>>> print(open('run_30.csv').read())   # CSV, C-alpha atoms (C1' of nucleotides)
chain,number,residue,atom,x,y,z
A,1,MET,CA,-15.4,0.4,-25.3
A,2,ILE,CA,-14.0,-2.8,-26.8
A,3,LYS,CA,-16.6,-2.1,-29.4
A,4,ASN,CA,-14.8,1.2,-30.1
A,5,ILE,CA,-11.4,-0.4,-30.4
A,6,PHE,CA,-12.9,-2.9,-32.8
A,7,LYS,CA,-14.5,-0.2,-34.9
A,8,ASN,CA,-11.3,1.7,-35.0
A,9,ILE,CA,-9.4,-1.3,-36.1
A,10,SER,CA,-11.8,-2.4,-38.8
A,11,GLN,CA,-12.3,1.1,-40.2
A,12,THR,CA,-8.6,1.5,-40.4
A,13,PHE,CA,-8.1,-1.3,-42.7
A,14,ILE,CA,-11.2,-1.0,-44.7
A,15,LYS,CA,-9.9,2.5,-45.4
A,16,ASN,CA,-6.7,0.9,-46.6
A,17,GLY,CA,-8.5,-1.3,-49.0
A,18,HIS,CA,-8.4,-4.5,-46.9
A,19,ARG,CA,-11.4,-6.7,-46.3
A,20,LEU,CA,-13.2,-7.3,-43.0
A,21,THR,CA,-13.8,-11.0,-43.4
A,22,ASN,CA,-15.5,-13.1,-40.8
A,23,GLN,CA,-12.2,-14.7,-39.8
A,24,ARG,CA,-10.5,-11.4,-39.3
A,25,ARG,CA,-13.5,-10.2,-37.3
A,26,ILE,CA,-13.3,-13.2,-35.0
A,27,VAL,CA,-9.6,-13.1,-34.5
A,28,ILE,CA,-9.7,-9.5,-33.6
A,29,GLU,CA,-12.5,-10.2,-31.2
A,30,VAL,CA,-10.6,-13.0,-29.6
A,31,ILE,CA,-7.6,-10.8,-29.1
A,32,LEU,CA,-9.7,-8.0,-27.6
A,33,ASN,CA,-11.4,-10.4,-25.3
A,34,HIS,CA,-8.0,-11.7,-24.1
A,35,LYS,CA,-6.3,-8.4,-23.9
A,36,THR,CA,-4.2,-9.3,-20.8
A,37,ASP,CA,-3.6,-13.0,-21.6
A,38,HIS,CA,-0.3,-13.1,-23.6
A,39,MET,CA,-1.6,-15.4,-26.3
A,40,THR,CA,0.4,-17.3,-28.9
A,41,VAL,CA,-0.9,-18.0,-32.4
A,42,GLU,CA,-1.9,-21.4,-31.3
A,43,ASP,CA,-3.8,-19.9,-28.4
A,44,ILE,CA,-5.6,-17.5,-30.7
A,45,TYR,CA,-6.3,-20.4,-33.1
A,46,GLU,CA,-7.8,-22.6,-30.3
A,47,SER,CA,-9.9,-19.8,-29.0
A,48,THR,CA,-11.0,-18.8,-32.5
A,49,LYS,CA,-12.1,-22.4,-33.3
A,50,THR,CA,-14.6,-22.4,-30.4
A,51,ILE,CA,-16.4,-19.6,-32.3
A,52,SER,CA,-15.8,-20.8,-35.9
A,53,PRO,CA,-14.5,-24.4,-36.0
A,54,ASN,CA,-13.6,-24.4,-39.6
A,55,ILE,CA,-11.0,-21.6,-39.5
A,56,SER,CA,-7.6,-22.8,-40.6
A,57,LEU,CA,-4.4,-22.4,-38.7
A,58,SER,CA,-2.6,-20.8,-41.6
A,59,THR,CA,-5.4,-18.2,-41.8
A,60,VAL,CA,-4.8,-17.3,-38.2
A,61,TYR,CA,-1.1,-17.0,-38.9
A,62,ARG,CA,-1.9,-14.8,-41.9
A,63,ILE,CA,-4.3,-12.6,-39.9
A,64,VAL,CA,-1.9,-12.3,-37.0
A,65,ASP,CA,0.8,-11.3,-39.4
A,66,PHE,CA,-1.6,-8.8,-41.0
A,67,LEU,CA,-2.4,-7.3,-37.6
A,68,LYS,CA,1.2,-7.0,-36.9
A,69,GLN,CA,1.9,-5.3,-40.2
A,70,ASN,CA,-0.8,-2.8,-39.4
A,71,ASN,CA,0.5,-2.1,-35.9
A,72,ILE,CA,-2.5,-3.4,-34.1
A,73,ILE,CA,-0.6,-6.1,-32.3
A,74,HIS,CA,3.0,-6.6,-31.3
A,75,LYS,CA,5.0,-9.8,-30.9
A,76,LEU,CA,7.1,-10.3,-27.8
A,77,GLN,CA,9.7,-13.0,-28.0
A,78,VAL,CA,10.4,-14.0,-24.4
A,79,ASP,CA,12.9,-16.7,-25.2
A,80,ASP,CA,13.6,-19.3,-27.8
A,81,ASP,CA,10.4,-21.1,-27.4
A,82,HIS,CA,8.1,-18.6,-25.7
A,83,TYR,CA,6.5,-15.6,-27.2
A,84,PHE,CA,3.1,-13.9,-27.3
A,85,TYR,CA,1.2,-11.2,-28.9
A,86,GLU,CA,-0.1,-8.0,-27.2
A,87,LEU,CA,-2.4,-5.3,-28.3
A,88,ILE,CA,-0.8,-2.0,-29.1
A,89,ASN,CA,-2.2,1.2,-27.7
A,90,THR,CA,-5.3,0.1,-26.1
A,91,GLU,CA,-6.2,3.0,-23.9
A,92,GLY,CA,-4.8,2.5,-20.5
A,93,SER,CA,-2.3,-0.2,-21.5
A,94,ALA,CA,0.1,1.0,-24.2
A,95,ILE,CA,3.4,-0.7,-24.7
A,96,HIS,CA,5.0,-1.4,-21.4
A,97,PRO,CA,7.9,-3.3,-19.9
A,98,HIS,CA,7.5,-7.0,-18.9
A,99,PHE,CA,9.0,-9.1,-16.3
A,100,ILE,CA,9.5,-12.8,-16.9
A,101,CYS,CA,10.0,-15.1,-13.9
A,102,LYS,CA,12.6,-17.7,-14.7
A,103,LYS,CA,11.2,-20.0,-12.0
A,104,CYS,CA,7.4,-20.1,-12.6
A,105,GLY,CA,7.6,-18.8,-16.2
A,106,LYS,CA,4.9,-16.1,-15.7
A,107,THR,CA,5.1,-12.9,-17.6
A,108,ILE,CA,4.1,-9.9,-15.6
A,109,ASP,CA,3.1,-6.6,-17.1
A,110,ILE,CA,4.8,-3.6,-15.6
A,111,LEU,CA,2.2,-0.9,-15.5
A,112,ASN,CA,3.3,1.2,-12.5
A,113,GLU,CA,3.0,4.8,-13.5
A,114,ASP,CA,6.2,5.9,-11.9
A,115,ILE,CA,8.1,3.3,-13.7
A,116,LEU,CA,6.5,4.0,-17.0
A,117,ASN,CA,7.4,7.7,-16.7
A,118,HIS,CA,10.9,6.7,-15.8
A,119,ALA,CA,11.1,4.5,-18.9
A,120,ALA,CA,9.7,7.2,-21.1
A,121,ALA,CA,12.3,9.6,-19.8
A,122,CYS,CA,15.0,7.1,-20.6
A,123,GLN,CA,13.6,6.7,-24.1
A,124,LYS,CA,13.5,10.4,-24.6
A,125,ASN,CA,17.1,10.6,-23.5
A,126,ILE,CA,18.1,8.1,-26.2
A,127,THR,CA,16.2,10.0,-28.8
A,128,SER,CA,18.0,13.3,-28.1
A,129,THR,CA,21.4,11.8,-27.5
A,130,TYR,CA,21.6,9.7,-30.6
A,131,ASP,CA,19.2,11.6,-32.9
A,132,PHE,CA,17.1,8.5,-33.4
A,133,LYS,CA,13.4,8.4,-34.0
A,134,ILE,CA,12.0,5.7,-31.8
A,135,VAL,CA,8.7,4.2,-32.8
A,136,SER,CA,8.4,1.1,-30.6
A,137,SER,CA,10.3,-0.8,-28.0
A,138,THR,CA,10.6,-4.2,-26.3
A,139,ILE,CA,11.7,-4.1,-22.7
A,140,LEU,CA,12.0,-7.4,-20.9
A,141,TYR,CA,13.4,-8.1,-17.5
A,142,TYR,CA,14.2,-11.6,-16.4
A,143,GLY,CA,14.6,-12.8,-12.9
A,144,ILE,CA,12.5,-14.3,-10.0
A,145,CYS,CA,9.2,-12.9,-9.1
A,146,SER,CA,8.1,-12.0,-5.6
A,147,ASN,CA,6.0,-15.2,-5.2
A,148,CYS,CA,8.8,-17.5,-6.1
A,149,LEU,CA,11.3,-15.5,-4.0
A,150,GLU,CA,8.9,-16.0,-1.1
A,151,LYS,CA,8.9,-19.7,-1.6
A,152,LEU,CA,12.7,-19.8,-1.7
A,153,LYS,CA,13.0,-18.4,1.7
A,154,PRO,CA,14.5,-21.0,4.1
A,155,ASN,CA,11.7,-20.7,6.6
A,156,ALA,CA,8.9,-20.9,4.1
A,157,LEU,CA,7.2,-24.1,3.2
A,158,PRO,CA,9.8,-26.4,4.7
A,159,LYS,CA,8.0,-29.6,3.9
A,160,LYS,CA,6.6,-30.7,0.6
A,161,ASN,CA,9.4,-31.3,-1.7
A,162,LYS,CA,7.7,-30.7,-5.0
A,163,LYS,CA,9.0,-32.2,-8.2
A,164,LYS,CA,8.5,-31.2,-11.8
B,1,MET,CA,42.9,-8.9,-22.1
B,2,ILE,CA,40.9,-11.1,-24.4
B,3,LYS,CA,43.3,-13.7,-23.1
B,4,ASN,CA,42.1,-13.1,-19.6
B,5,ILE,CA,38.4,-13.3,-20.6
B,6,PHE,CA,39.2,-16.5,-22.4
B,7,LYS,CA,41.0,-17.9,-19.3
B,8,ASN,CA,38.1,-17.0,-17.1
B,9,ILE,CA,35.6,-18.6,-19.3
B,10,SER,CA,37.5,-21.9,-19.8
B,11,GLN,CA,38.4,-22.1,-16.1
B,12,THR,CA,34.8,-21.7,-15.2
B,13,PHE,CA,33.6,-24.6,-17.0
B,14,ILE,CA,36.5,-26.9,-16.4
B,15,LYS,CA,35.7,-26.2,-12.8
B,16,ASN,CA,32.2,-27.4,-13.5
B,17,GLY,CA,33.3,-30.6,-15.0
B,18,HIS,CA,33.0,-29.6,-18.6
B,19,ARG,CA,35.7,-30.2,-21.2
B,20,LEU,CA,37.7,-27.6,-23.1
B,21,THR,CA,37.6,-29.1,-26.5
B,22,ASN,CA,39.2,-27.7,-29.5
B,23,GLN,CA,35.9,-26.8,-31.0
B,24,ARG,CA,34.8,-24.9,-27.9
B,25,ARG,CA,38.1,-23.1,-27.8
B,26,ILE,CA,37.7,-22.0,-31.3
B,27,VAL,CA,34.1,-20.9,-31.0
B,28,ILE,CA,35.0,-18.8,-27.9
B,29,GLU,CA,37.9,-17.3,-29.7
B,30,VAL,CA,35.7,-16.4,-32.6
B,31,ILE,CA,33.1,-14.8,-30.4
B,32,LEU,CA,35.8,-12.8,-28.5
B,33,ASN,CA,37.3,-11.6,-31.7
B,34,HIS,CA,34.0,-10.4,-33.0
B,35,LYS,CA,32.8,-8.9,-29.7
B,36,THR,CA,30.9,-6.1,-31.3
B,37,ASP,CA,29.7,-7.9,-34.4
B,38,HIS,CA,26.3,-9.2,-33.5
B,39,MET,CA,26.8,-12.6,-34.8
B,40,THR,CA,24.3,-15.4,-35.6
B,41,VAL,CA,25.0,-19.1,-35.2
B,42,GLU,CA,25.6,-19.2,-38.9
B,43,ASP,CA,28.1,-16.4,-38.7
B,44,ILE,CA,29.9,-18.0,-35.9
B,45,TYR,CA,29.9,-21.3,-37.9
B,46,GLU,CA,31.3,-19.6,-41.0
B,47,SER,CA,34.0,-17.9,-39.0
B,48,THR,CA,34.9,-21.0,-37.2
B,49,LYS,CA,35.2,-23.0,-40.4
B,50,THR,CA,38.0,-20.7,-41.6
B,51,ILE,CA,40.0,-21.9,-38.6
B,52,SER,CA,38.8,-25.5,-38.4
B,53,PRO,CA,37.0,-26.5,-41.6
B,54,ASN,CA,35.7,-29.8,-40.3
B,55,ILE,CA,33.6,-28.4,-37.5
B,56,SER,CA,30.0,-29.3,-37.8
B,57,LEU,CA,27.1,-26.9,-37.7
B,58,SER,CA,25.3,-28.9,-35.0
B,59,THR,CA,28.4,-28.7,-32.9
B,60,VAL,CA,28.3,-24.9,-33.1
B,61,TYR,CA,24.7,-24.9,-32.2
B,62,ARG,CA,25.5,-27.1,-29.2
B,63,ILE,CA,28.4,-24.9,-28.1
B,64,VAL,CA,26.5,-21.7,-28.5
B,65,ASP,CA,23.7,-23.3,-26.4
B,66,PHE,CA,26.3,-24.4,-23.9
B,67,LEU,CA,27.7,-20.9,-23.6
B,68,LYS,CA,24.3,-19.5,-23.2
B,69,GLN,CA,23.5,-21.9,-20.4
B,70,ASN,CA,26.7,-20.9,-18.7
B,71,ASN,CA,25.9,-17.2,-18.9
B,72,ILE,CA,28.8,-16.4,-21.2
B,73,ILE,CA,26.7,-15.2,-24.1
B,74,HIS,CA,23.2,-13.9,-24.5
B,75,LYS,CA,20.8,-14.2,-27.4
B,76,LEU,CA,19.0,-11.1,-28.7
B,77,GLN,CA,16.0,-11.8,-30.8
B,78,VAL,CA,15.5,-8.6,-32.8
B,79,ASP,CA,12.5,-9.8,-34.8
B,80,ASP,CA,11.1,-12.9,-36.3
B,81,ASP,CA,14.1,-13.6,-38.5
B,82,HIS,CA,16.9,-11.5,-37.0
B,83,TYR,CA,18.8,-12.4,-33.9
B,84,PHE,CA,22.3,-12.4,-32.7
B,85,TYR,CA,24.5,-13.3,-29.8
B,86,GLU,CA,26.4,-11.0,-27.5
B,87,LEU,CA,29.0,-11.5,-24.9
B,88,ILE,CA,27.9,-11.0,-21.3
B,89,ASN,CA,29.9,-8.9,-19.0
B,90,THR,CA,33.0,-8.2,-20.9
B,91,GLU,CA,34.5,-5.4,-18.9
B,92,GLY,CA,33.4,-2.1,-20.4
B,93,SER,CA,30.4,-3.6,-22.3
B,94,ALA,CA,28.0,-5.3,-20.0
B,95,ILE,CA,24.4,-5.8,-21.1
B,96,HIS,CA,23.1,-2.7,-22.7
B,97,PRO,CA,20.1,-1.4,-24.6
B,98,HIS,CA,20.0,-1.7,-28.4
B,99,PHE,CA,18.5,0.3,-31.1
B,100,ILE,CA,17.3,-1.3,-34.3
B,101,CYS,CA,16.8,0.8,-37.4
B,102,LYS,CA,13.7,-0.4,-39.3
B,103,LYS,CA,15.1,1.2,-42.5
B,104,CYS,CA,18.7,0.0,-42.8
B,105,GLY,CA,18.4,-2.9,-40.4
B,106,LYS,CA,21.4,-1.9,-38.4
B,107,THR,CA,21.6,-2.7,-34.7
B,108,ILE,CA,23.3,0.0,-32.6
B,109,ASP,CA,24.6,-0.6,-29.1
B,110,ILE,CA,23.5,2.1,-26.7
B,111,LEU,CA,26.5,2.6,-24.4
B,112,ASN,CA,26.1,6.2,-23.4
B,113,GLU,CA,26.9,6.3,-19.7
B,114,ASP,CA,24.1,8.7,-18.9
B,115,ILE,CA,21.5,6.5,-20.5
B,116,LEU,CA,23.0,3.4,-18.9
B,117,ASN,CA,22.6,5.0,-15.5
B,118,HIS,CA,19.1,6.0,-16.3
B,119,ALA,CA,18.3,2.5,-17.3
B,120,ALA,CA,19.9,1.1,-14.2
B,121,ALA,CA,17.8,3.4,-12.1
B,122,CYS,CA,14.7,2.3,-13.9
B,123,GLN,CA,15.5,-1.3,-13.2
B,124,LYS,CA,16.1,-0.6,-9.5
B,125,ASN,CA,12.8,1.1,-9.4
B,126,ILE,CA,11.1,-2.0,-10.7
B,127,THR,CA,13.0,-4.2,-8.2
B,128,SER,CA,11.8,-2.2,-5.2
B,129,THR,CA,8.3,-1.6,-6.5
B,130,TYR,CA,7.5,-5.2,-7.3
B,131,ASP,CA,9.9,-7.1,-5.1
B,132,PHE,CA,11.4,-8.9,-8.0
B,133,LYS,CA,14.9,-10.1,-8.3
B,134,ILE,CA,16.1,-9.0,-11.8
B,135,VAL,CA,19.0,-11.0,-13.2
B,136,SER,CA,19.1,-9.9,-16.8
B,137,SER,CA,17.3,-7.8,-19.3
B,138,THR,CA,16.6,-7.2,-23.0
B,139,ILE,CA,16.0,-3.7,-24.0
B,140,LEU,CA,15.3,-3.0,-27.7
B,141,TYR,CA,14.2,0.2,-29.3
B,142,TYR,CA,13.0,0.2,-32.8
B,143,GLY,CA,12.8,3.2,-35.1
B,144,ILE,CA,14.9,5.1,-37.7
B,145,CYS,CA,18.5,5.9,-37.1
B,146,SER,CA,20.1,9.3,-37.6
B,147,ASN,CA,21.7,8.3,-40.9
B,148,CYS,CA,18.4,7.1,-42.4
B,149,LEU,CA,16.6,10.2,-41.0
B,150,GLU,CA,19.1,12.3,-42.8
B,151,LYS,CA,18.5,10.6,-46.0
B,152,LEU,CA,14.7,11.0,-45.6
B,153,LYS,CA,15.0,14.8,-45.5
B,154,PRO,CA,13.1,16.3,-48.4
B,155,ASN,CA,16.2,17.9,-49.8
B,156,ALA,CA,18.3,14.8,-49.7
B,157,LEU,CA,18.6,12.4,-52.6
B,158,PRO,CA,15.4,13.4,-54.3
B,159,LYS,CA,15.9,11.1,-57.3
B,160,LYS,CA,16.4,7.3,-57.4
B,161,ASN,CA,13.2,5.5,-56.6
B,162,LYS,CA,14.6,2.2,-55.4
B,163,LYS,CA,12.6,-1.0,-55.5
B,164,LYS,CA,12.9,-4.1,-53.4
C,1,DT,C1',40.1,-45.8,-19.5
C,2,DT,C1',36.0,-43.3,-19.1
C,3,DC,C1',32.4,-40.8,-20.6
C,4,DG,C1',31.4,-36.2,-22.3
C,5,DA,C1',31.7,-34.0,-26.9
C,6,DT,C1',31.6,-34.3,-31.9
C,7,DG,C1',30.1,-35.3,-36.9
C,8,DC,C1',26.9,-36.9,-39.8
C,9,DA,C1',22.5,-37.5,-41.4
C,10,DA,C1',18.0,-37.8,-40.4
C,11,DA,C1',14.0,-35.9,-37.8
C,12,DA,C1',11.4,-32.4,-35.9
C,13,DG,C1',8.1,-28.9,-35.9
C,14,DG,C1',6.5,-24.3,-36.1
C,15,DT,C1',5.7,-21.3,-40.0
C,16,DT,C1',5.1,-20.3,-44.8
C,17,DT,C1',3.4,-21.1,-49.5
C,18,DG,C1',0.9,-22.8,-53.9
C,19,DC,C1',-3.2,-23.3,-55.7
C,20,DA,C1',-8.1,-23.9,-56.2
C,21,DT,C1',-12.2,-22.0,-54.0
C,22,DG,C1',-15.0,-18.8,-51.5
C,23,DG,C1',-16.8,-14.4,-50.3
C,24,DG,C1',-16.3,-9.0,-49.4
C,25,DT,C1',-16.9,-4.9,-51.8
D,1,DA,C1',-17.9,-9.5,-61.4
D,2,DC,C1',-13.5,-8.7,-59.5
D,3,DC,C1',-9.9,-10.1,-56.9
D,4,DC,C1',-8.5,-10.4,-52.0
D,5,DA,C1',-8.7,-13.8,-48.4
D,6,DT,C1',-9.2,-18.6,-47.1
D,7,DG,C1',-8.5,-23.8,-46.5
D,8,DC,C1',-5.9,-27.5,-47.3
D,9,DA,C1',-1.8,-29.9,-47.8
D,10,DA,C1',2.7,-29.8,-49.1
D,11,DA,C1',7.1,-27.4,-48.7
D,12,DC,C1',10.4,-24.9,-46.0
D,13,DC,C1',14.2,-24.2,-43.0
D,14,DT,C1',16.4,-23.6,-38.9
D,15,DT,C1',17.3,-26.2,-35.0
D,16,DT,C1',17.4,-30.6,-32.6
D,17,DT,C1',18.4,-35.4,-32.1
D,18,DG,C1',20.2,-40.5,-32.4
D,19,DC,C1',24.0,-42.9,-32.7
D,20,DA,C1',28.7,-44.3,-33.7
D,21,DT,C1',33.2,-42.4,-32.9
D,22,DC,C1',36.6,-39.4,-31.0
D,23,DG,C1',39.4,-37.4,-27.6
D,24,DA,C1',40.0,-34.6,-23.0
D,25,DA,C1',40.9,-35.6,-18.3
>>> encode(input="run_30.csv", output="structure tokens")
Amino acid sequence: MIKNIFKNISQTFIKNGHRLTNQRRIVIEVILNHKTDHMTVEDIYESTKTISPNISLSTVYRIVDFLKQNNIIHKLQVDDDHYFYELINTEGSAIHPHFICKKCGKTIDILNEDILNHAAACQKNITSTYDFKIVSSTILYYGICSNCLEKLKPNALPKKNKKK
Amino acid sequence: MIKNIFKNISQTFIKNGHRLTNQRRIVIEVILNHKTDHMTVEDIYESTKTISPNISLSTVYRIVDFLKQNNIIHKLQVDDDHYFYELINTEGSAIHPHFICKKCGKTIDILNEDILNHAAACQKNITSTYDFKIVSSTILYYGICSNCLEKLKPNALPKKNKKK
DNA sequence: TTCGATGCAAAAGGTTTGCATGGGT
DNA sequence: ACCCATGCAAACCTTTTGCATCGAA
């Protein structure tokens, strides 16, 4: 299944005259194996190095850029110093909204079908109202996640004053 | 009306022990006077300099950061090298979705009431489904705007192969 | 008078680039 | 064999920071 995605990806850019180098193969593998992990370039680099220690950081930057150009991955800039890449259009997890907890920093994928439908309807509404052609989107919600809300309740965890 | 917003803003941070310096006054004025202009720090700096030529770029960075911390403005990162700031909660133009045309680069504010309601409903849905508390959001749609779509029609502007 | 805010210039640091080399096709 | 992709290190560029000075309260 991941094999298929890989095959699709590599065929696509061989078809377009690009080369399937070892480095590209490895970076793609890393990304596929961390599909749900919200990785930065640095993360990808570190993970790639465990497979091929000689790969260079700038190569990873170039490959990530390349994959972005080819609509294989998608960058999400969460705030000034947090971002990550996500696969586009893996079956069962297309582009979706994200929730970022301002307290614990976690990014949570919003995959609830109801909500996805709702969002799709909203997008369609824009398309027809403004006569735009929408090809992608970035939907980020910021706030406090249920876990952190729980911890904030007055009766919860009254002891243990934690510090950064 | 802008006067009122200004008063609100300055009172808020005087109350919080911050100082209303001339530079802050000017930067706020600039932002209020360009409410719909999607300005970068550099833009704000340039505009500020026409009023007070001696202001320093780092001061503008600091003030913009300050206003962001105080929830007066909001940064929108459109892509790796495009971003801008927007006022939060000016009456009649609260946070709203944006559309970015990949062809002409324009950013268009989506203010259609129907769509805003739709988006609000979607947000509420997330809140209740996940038990999150949402305090802000960034909603960006990418694609081709109606103007550029028009130009792309086969019968429009058939000549003129432009190059970068 | 106090201490937060500013200006200047220098530092930072993530990302990009030039160039010689390597390796897909 | 061709020429795109890579590795390395240097360059880039926007943003941040240290420090002396200024000025709002």
>>> atom_distance(input="run_30.csv", atom1="atom CA of Met39 of chain B", atom2="atom CA of Tyr61 of chain B")
12.7 Å
>>> residues_around(input="run_30.csv", residues="Lys3 of chain B", least_positions_apart="3", cutoff="10 Å", atoms="only C-alpha atoms (C1' of nucleotides)", output="PyMOL selection string")
chain B and resi 6-9+29+32
>>> residues_around(input="run_30.csv", residues="Leu76 of chain A", least_positions_apart="2", cutoff="8 Å", atoms="only C-alpha atoms (C1' of nucleotides)", output="NGL selection string")
:A and (74 or 78 or 83-86 or 138)
>>> closest_atom_pairs(input="run_30.csv", of="chain A", to="chain C", cutoff="10 Å", atoms="only C-alpha atoms (C1' of nucleotides)", output="tab-separated table")
residue	atom	partner	partner_atom	distance
A:Ile14	CA	C:DT25	C1'	9.9
A:Gly17	CA	C:DT25	C1'	9.6
A:His18	CA	C:DG24	C1'	9.4
A:Arg19	CA	C:DG24	C1'	6.2
A:Leu20	CA	C:DG24	C1'	7.3
A:Thr21	CA	C:DG24	C1'	6.8
A:Asn22	CA	C:DG24	C1'	9.6
A:Ser58	CA	C:DT16	C1'	8.4
A:Tyr61	CA	C:DT15	C1'	8.1
A:Arg62	CA	C:DT16	C1'	9.4
>>> interface_residues(input="run_30.csv", of="chain B", to="chain A", cutoff="6 Å", atoms="only C-alpha atoms", output="CSV table (one decimal) with C-alpha atoms, in the coordinates of the input")
chain,number,residue,atom,x,y,z
B,131,ASP,CA,9.9,-7.1,-5.1
B,132,PHE,CA,11.4,-8.9,-8.0
B,133,LYS,CA,14.9,-10.1,-8.3
B,134,ILE,CA,16.1,-9.0,-11.8
B,135,VAL,CA,19.0,-11.0,-13.2
B,136,SER,CA,19.1,-9.9,-16.8
B,137,SER,CA,17.3,-7.8,-19.3
B,138,THR,CA,16.6,-7.2,-23.0
B,139,ILE,CA,16.0,-3.7,-24.0
B,140,LEU,CA,15.3,-3.0,-27.7
B,141,TYR,CA,14.2,0.2,-29.3
B,142,TYR,CA,13.0,0.2,-32.8
B,143,GLY,CA,12.8,3.2,-35.1
B,144,ILE,CA,14.9,5.1,-37.7
B,145,CYS,CA,18.5,5.9,-37.1
B,146,SER,CA,20.1,9.3,-37.6
>>> atom_distance(input="run_30.csv", atom1="atom CA of Asn70 of chain A", atom2="atom CA of Ile55 of chain A")
21.4 Å
>>> closest_residue(input="run_30.csv", among="D:DC19, D:DA25, D:DA1, D:DA10", to="chain B", atoms="only C-alpha atoms (C1' of nucleotides)")
D:DA25
>>> atom_distance(input="run_30.csv", atom1="atom CA of Ile72 of chain A", atom2="atom CA of Ile88 of chain A")
5.5 Å
>>> closest_atom_pairs(input="run_30.csv", of="chain D", to="chain B", cutoff="10 Å", atoms="only C-alpha atoms (C1' of nucleotides)", output="CSV")
residue,atom,partner,partner_atom,distance
D:DT15,C1',B:Tyr61,CA,8.0
D:DT16,C1',B:Ser58,CA,8.4
D:DT17,C1',B:Ser58,CA,9.9
D:DG23,C1',B:Thr21,CA,8.6
D:DA24,C1',B:Arg19,CA,6.4
D:DA25,C1',B:Arg19,CA,8.0
>>> axis_aligned_box(input="run_30.csv", around="segment 2-20 of chain D", padding_each_side="3 Å", output="lines of an AutoDock Vina configuration file")
center_x = 7.6
center_y = -26.5
center_z = -45.8
size_x = 48.2
size_y = 41.6
size_z = 33.4
>>> closest_residue(input="run_30.csv", among="B:Ile2, B:Asp109, B:Lys15, B:Tyr45", to="Val64 of chain B", atoms="only C-alpha atoms")
B:Tyr45
>>> closest_residue(input="run_30.csv", among="A:Asn71, A:Asp43, A:Lys49, A:Asn54", to="Phe13 of chain A", atoms="all atoms listed in the file")
A:Asn71
